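Peer 1: My questions will all concern the structure given below.
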Amino acid sequence: MNEHTSNPPRFTTSRRSFLMASSIGAVAGSLGIARTAHAAGSDAIKIALIGCGGRGTGAAINALNACPNTRLVALADAFQARVDISLKSILAQPCADRVDIPGNWQFVGLDSYQPAIESDVDMVLLCSPPGFRPIQYEAAVAAGKHVFMEKPLATDAPGLRRILAANNLAKEKGLLVAVGHHLRHEDRYRELVQRIHDGAIGKLMLMRAYFNTHNLWVRPRKPGQSEMEYQVQNWYYFTWLSGDHIVEQHVHDIDICNWIHGGHPVSAQGMGGRQVRIGKEYGDIFDHHAVEFTYPDGVKMYSYCRQTPGCWTSFSQHAHGTKGSARLDGEGTAELSIDGEPSKRWDRGKDGHQVEMDDLFAAYIGGRPTNEVDATADGTMTAILGRMATYSGKEVSWDDAFHSNLDLAPETLTWDAKPRVLPDEKGYYPCAVPGVTQAW
Ligand SMILES: NC(=O)c1ccc[n+]([C@@H]2O[C@H](COP(=O)([O-])OP(=O)(O)OC[C@H]3O[C@@H](n4cnc5c(N)ncnc54)[C@H](O)[C@@H]3O)[C@@H](O)[C@H]2O)c1
């Protein structure tokens with residue numbers, strides 16, 4: 001069942017739907033958004049941050065800076081220390097006067113998301129590790145809360161299907177839902193992708209995507225920690241929690257390529273492994289992946305991601321067509337090169353992490369619906385497909401990947417529960433072995 005399929009399941013309703021804030025306004029009158037007690041006028045918009053790490057803290061600050069009505073009123077994290085650090089950083093910002101966290105609205109633990117979502121808030125920021133995204137999004141939608149959630153949307157196919165099912169309910173309830181694909185909100189991306197869609201580089205032939213970077217943090221094991229506590233603290237290095245870096249980080253590039261193409265691949269084959277980052281502190285993820293994705297029209301996306309110090313780095317996406325090419329740099333400029341013409345360049349402009357929040361709260365205040373899940377879910381699924389290809393060493397079809405029942409999460413989420421991946425007697429975790437591992 002690893003054949004290409006000519007008729008892949010599609011869940012992208014309108015790939016370009018959330019790209020331009022102005023286009024959202026076109027449907028505002030007919031749909032409307034769920035009215036919380038505060039949606040209508042100048043009243044406070046109360047926010048809970050769930051997952052008080054680096055990005056969550058940044059997202060809360062972005063939300064406070066996006067709109068003078070926002071108030072941060074609840075914080076939740078697996079660990080009290082992360083709540084404390086996050087709150088300290090936010091209180092050091094000029095927006096600190098709109099932080100008002102009653103003592104009992106600091107929630108700690110693996111299920112801290114639940115009381116935070118159920119407290120008297122209008123919107124939740126879901127910024128914990130992506131392995132928890134499906135369960136937290138389901139809870140937020142069930143409680144009728146507007147959502148900003150970080151990418152990726154899930155770490156496996158069952159998780160992504162749960163996100164999509166919850167999202168159908170979110171749309172029925174008229175909830176605003178933004179997803180942290182900040183590049184889609186940056187001016188040069190909107191401009192250049194629009195030009196590609198308008199035919200600037202001719203017929204699209206090939207795309208390249210890179211997230212080649214250095215090592216990330218490691219959080220050493222503490223005496224007395226349960227295995228679950230250790231893995232959640234070091235979530236990046238466990239596939240069930242992060243998806244591996246092809247899903248957690250490279251999803252940015254993959255999402256942009258899907259946006260440029262206007263669809264998702266039908267199959268992938270690739271290779272990867274761990275060559276440098278082989279210590280027991282690096283859990284079960286790879287340190288490099290290289291994948292060839294094939295789209296239904298035969299267009300290829302060559303995707304590379306590596307986390308190894310001392311090597312060539314790039315966070316960029318490239319499109320090649322019959323008349324020219326485009327280069328987009330995640331933290332730099334963008335360039336359009338059309339054969340026979342001088343190339344055109346765009347500076348980075350305003351940081352998309354702020355713009356995505358500006359756009360979300362403009363929609364909120366304006367009563368305009370926005371839901372970014374449909375447009376970005378296939379980016380998460382494409383990255384998961386790529387991981388299935390590198391872990392297995394086989395060609396994997398979108399159909400097989402999307403319908404996979406390989407659920408990476410443990411059955412229960414408590415500190416004493418056993419994760420599915422456990423260390424051997426020397427402390428090393430079993431990793432995928434291409435040619436052997438059944439990865440979907
Ligand atoms: N859009 C971007 O540019 C961008 C950048 C960085 C990270 N991210 C995404 O943001 C998310 C968080 O990444 P980070 O860099 O902030 O990591 P981080 O480790 O700094 O923060 C994650 C936080 O979640 C907490 N946590 C773990 N399990 C939890 C649970 N069950 N409930 C509540 N909190 C829990 C952790 O204790 C930690 O404080 C990831 O999905 C990541 O991919 C996005």
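Convention: chains lettered A, B, ... in structure tokens order; per-chain residue numbering from 1; ligands numbered from 1 as shown.
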Report as a compact mmCIF listing (two decimals) with N, CA and C atoms, in the first residue's frame all protein, DNA and RNA residues lying within 8 Å of Ala200 of chain A, evaluated on only C-alpha atoms, omitting residues in the same chain fewer than 3 positions from it.
Peer 2:
```
# COMPACT_ATOMS: atom_id res chain seq x y z
N ARG A 195 2.48 36.57 -6.05
CA ARG A 195 3.08 36.72 -7.39
C ARG A 195 3.30 35.36 -8.05
N ILE A 196 3.73 34.38 -7.25
CA ILE A 196 3.92 33.04 -7.82
C ILE A 196 2.57 32.49 -8.28
N HIS A 197 1.55 32.66 -7.45
CA HIS A 197 0.21 32.19 -7.84
C HIS A 197 -0.28 32.92 -9.08
N LYS A 323 9.78 30.19 -15.83
CA LYS A 323 10.23 31.54 -16.20
C LYS A 323 11.16 32.19 -15.19
N GLY A 324 11.38 31.52 -14.05
CA GLY A 324 12.23 32.13 -13.04
C GLY A 324 12.12 31.39 -11.72
N ILE A 338 13.28 36.72 -12.30
CA ILE A 338 12.59 36.33 -13.53
C ILE A 338 13.59 36.42 -14.68
```
Peer 1: Ligand 1: which residues are within 7 Å, counting only C-alpha atoms and all ligand atoms, as a compact mmCIF listing (two decimals) with N, CA and C atoms, in the first residue's frame?
Peer 2:
```
# COMPACT_ATOMS: atom_id res chain seq x y z
N ILE A 50 -1.38 28.63 28.00
CA ILE A 50 -1.16 27.22 28.39
C ILE A 50 0.13 26.76 27.72
N GLY A 51 1.14 26.46 28.54
CA GLY A 51 2.47 26.16 28.01
C GLY A 51 3.31 27.41 28.08
N CYS A 52 3.90 27.65 29.28
CA CYS A 52 4.57 28.93 29.55
C CYS A 52 6.06 28.86 29.24
N GLY A 53 6.43 28.31 28.11
CA GLY A 53 7.84 28.24 27.73
C GLY A 53 8.23 29.46 26.92
N GLY A 54 9.29 29.30 26.11
CA GLY A 54 9.79 30.42 25.32
C GLY A 54 8.75 30.99 24.39
N ARG A 55 8.14 30.14 23.58
CA ARG A 55 7.17 30.64 22.60
C ARG A 55 5.88 31.10 23.26
N GLY A 56 5.45 30.36 24.27
CA GLY A 56 4.21 30.75 24.95
C GLY A 56 4.35 32.13 25.58
N ALA A 76 -0.91 28.35 32.72
CA ALA A 76 -0.89 26.91 33.03
C ALA A 76 0.35 26.29 32.41
N ASP A 77 0.98 25.43 33.17
CA ASP A 77 2.16 24.73 32.66
C ASP A 77 2.31 23.42 33.43
N ALA A 78 3.06 22.52 32.84
CA ALA A 78 3.33 21.26 33.53
C ALA A 78 4.15 21.50 34.80
N PHE A 79 4.96 22.56 34.79
CA PHE A 79 5.90 22.79 35.90
C PHE A 79 5.74 24.20 36.46
N ARG A 82 8.28 26.91 35.33
CA ARG A 82 8.08 27.55 34.02
C ARG A 82 7.05 28.67 34.11
N GLY A 109 0.68 21.24 36.20
CA GLY A 109 0.51 19.79 36.04
C GLY A 109 0.23 19.44 34.59
N LEU A 110 0.21 18.15 34.30
CA LEU A 110 -0.03 17.70 32.93
C LEU A 110 -1.44 18.05 32.47
N ASP A 111 -2.39 18.11 33.41
CA ASP A 111 -3.77 18.44 33.04
C ASP A 111 -4.13 19.87 33.44
N SER A 112 -3.11 20.71 33.62
CA SER A 112 -3.37 22.10 34.03
C SER A 112 -4.15 22.88 32.97
N TYR A 113 -4.12 22.38 31.73
CA TYR A 113 -4.86 23.05 30.65
C TYR A 113 -6.35 23.08 30.95
N CYS A 127 0.35 26.63 23.77
CA CYS A 127 1.78 26.69 23.40
C CYS A 127 2.60 25.63 24.11
N SER A 128 1.98 24.53 24.48
CA SER A 128 2.74 23.44 25.08
C SER A 128 3.27 22.54 23.96
N PRO A 129 4.01 21.49 24.27
CA PRO A 129 4.53 20.63 23.20
C PRO A 129 3.41 20.06 22.33
N PRO A 130 3.70 19.91 21.04
CA PRO A 130 2.63 19.54 20.09
C PRO A 130 1.97 18.18 20.34
N PHE A 132 0.61 17.35 22.91
CA PHE A 132 -0.58 17.64 23.72
C PHE A 132 -1.62 18.48 22.96
N GLU A 150 -0.01 27.01 18.68
CA GLU A 150 1.26 26.93 17.96
C GLU A 150 1.25 25.75 16.98
N LYS A 151 2.13 25.84 15.99
CA LYS A 151 2.41 24.72 15.12
C LYS A 151 3.37 23.78 15.83
N PRO A 152 3.56 22.56 15.42
CA PRO A 152 2.67 21.82 14.52
C PRO A 152 1.39 21.43 15.27
N GLY A 180 0.09 29.07 14.67
CA GLY A 180 1.33 29.83 14.67
C GLY A 180 2.25 29.68 13.47
N HIS A 181 1.68 29.70 12.28
CA HIS A 181 2.53 29.74 11.07
C HIS A 181 2.77 31.21 10.74
N HIS A 182 3.66 31.82 11.51
CA HIS A 182 3.83 33.27 11.45
C HIS A 182 4.31 33.77 10.09
N VAL A 232 8.62 14.76 29.36
CA VAL A 232 7.87 16.00 29.12
C VAL A 232 8.81 17.20 29.25
N GLN A 233 9.72 17.14 30.22
CA GLN A 233 10.68 18.24 30.37
C GLN A 233 11.60 18.32 29.15
N GLU A 248 8.40 19.31 14.09
CA GLU A 248 8.34 20.44 15.02
C GLU A 248 8.85 21.73 14.40
N GLN A 249 9.93 21.66 13.62
CA GLN A 249 10.58 22.88 13.15
C GLN A 249 10.45 23.05 11.64
N HIS A 353 5.35 36.92 14.20
CA HIS A 353 4.77 36.51 15.48
C HIS A 353 3.86 37.61 16.04
```
Peer 1: One decimal, Å: what's the distance from atom CA of Gln136 of chain A over to atom CA of Asp399 of chain A, could you say?
Peer 2: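 It comes out at 26.1 Å.
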Peer 1: To test your reading of the structure, identify every residue in segment 341-434 of chain A that backbone DSSP assigns to alpha helix (DSSP H), and report it as JSON, numbers by chain.
Peer 2: {"A": [352, 353, 354, 355, 356, 357, 358, 359, 360, 361, 362, 363, 364, 365, 366, 373, 374, 375, 376, 377, 378, 379, 380, 381, 382, 383, 384, 385, 386, 387, 388, 389, 390, 391, 392, 398, 399, 400, 401, 402]}
Peer 1: I'd like to know which of A:Asp100, A:Leu87, A:Ala74, A:Met228 is closest to Ala116 of chain A, using only C-alpha atoms.
Peer 2: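 With only C-alpha atoms as the atom set, the closest residue is A:Ala74.
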Peer 1: Please identify every residue of segment 254-310 of chain A that has at least one atom no farther than 9 Å from an atom of segment 240-247 of chain A, counting only C-alpha atoms, and for each give the shortest atom pair and the distance in Å to one decimal, arranged by chain then increasing number, as CSV.
Peer 2:
```
residue,atom,partner,partner_atom,distance
A:Asp284,CA,A:Asp244,CA,8.4
A:Ile285,CA,A:Asp244,CA,5.4
A:Phe286,CA,A:Asp244,CA,7.0
A:Asp287,CA,A:His245,CA,7.9
A:His288,CA,A:Ile246,CA,8.2
A:His289,CA,A:Ile246,CA,7.0
A:Tyr304,CA,A:Ile246,CA,8.5
A:Cys305,CA,A:Ile246,CA,6.4
A:Arg306,CA,A:His245,CA,8.2
A:Gln307,CA,A:His245,CA,8.2
```
Peer 1: One decimal, Å: what's the distance from atom CA of Leu192 of chain A over to atom CA of Glu372 of chain A, could you say?
Peer 2: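 Spanning atom CA of Leu192 of chain A to atom CA of Glu372 of chain A is a straight-line distance of 19.8 Å.
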Peer 1: Rank A:Thr376, A:Ser392, A:Ser267, A:Gln231 by their smallest atom-to-atom distance to Leu413 of chain A, using only C-alpha atoms, and report the top residue only.
Peer 2: A:Gln231
Peer 1: What is the atom CA of Glu331 of chain A-atom CA of Gly349 of chain A distance in Å, reported with one decimal?
Peer 2: 9.9 Å
Peer 1: Go through segment 158-245 of chain A residue by residue and, counting only C-alpha atoms, keep those with an atom at most 7 Å from segment 251-258 of chain A; for each kept residue give the shortest atom pair and its distance in Å to one decimal, ordered by chain and increasing number, as CSV.
Peer 2:
```
residue,atom,partner,partner_atom,distance
A:His181,CA,A:His252,CA,6.6
A:Met207,CA,A:Cys257,CA,6.7
A:Ala209,CA,A:Asp253,CA,5.5
A:Tyr210,CA,A:Asp253,CA,6.6
```
Peer 1: May I have the residues from that selection written out with C-alpha atoms, as a PDB file, in the first residue's frame?
Peer 2:
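The result, written out as selection36.pdb:
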```pdb
ATOM      1  CA  HIS A 181       2.528  29.741  11.075  1.00  0.00           C
ATOM      2  CA  MET A 207      10.562  23.459  -4.685  1.00  0.00           C
ATOM      3  CA  ALA A 209      12.873  23.602   1.670  1.00  0.00           C
ATOM      4  CA  TYR A 210      15.567  23.878   4.358  1.00  0.00           C
TER       5      TYR A 210
END
```
Peer 1: As a PyMOL selection string, please: every residue in segment 175-331 of chain A that a backbone DSSP assignment puts in strand (DSSP E).
Peer 2: chain A and resi 177-179+204-213+267-273+288-294+300-307+314-321+324-329
Peer 1: With only C-alpha atoms as the atoms that count, which of A:Arg277, A:Met357, A:Lys300, A:Phe107 lies nearest to Ala59 of chain A?
Peer 2: A:Met357
Peer 1: Can you tell me, as a PyMOL selection string, what residues are no more than 8 Å from Glu227 of chain A when counting only C-alpha atoms, ignoring any on the same chain fewer than 4 positions away?
Peer 2: chain A and resi 231+415-416+418-419+422
Peer 1: For a quick check of understanding, using only C-alpha atoms, which of A:Val276, A:Leu126, A:Val177, A:Ala326 has the smallest distance to Arg208 of chain A?
Peer 2: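 Residue with the minimum atom-to-atom distance to Arg208 of chain A: A:Ala326.
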Peer 1: Need to verify the contact set: His261 of chain A, 12 Å, only C-alpha atoms, exclusion of same-chain residues closer than 5 positions in sequence. Can you return it as a PyMOL selection string?
Peer 2: chain A and resi 15-16+193-194+196-199+203-208+254-256+293-301+318-321+379
Peer 1: Report as a list in words all protein, DNA and RNA residues lying within 9 Å of Glu186 of chain A, evaluated on only C-alpha atoms, omitting residues in the same chain fewer than 6 positions from it.
Peer 2: Arg348, Gly349, Lys350, Asp351, Gly352, His353, Val355 and Glu356 of chain A
Peer 1: Find the residues around Val99 of chain A up to 6 Å (only C-alpha atoms counted), leave out those fewer than 3 positions away in its own chain, and share them as a PyMOL selection string.
Peer 2: chain A and resi 71-72+96
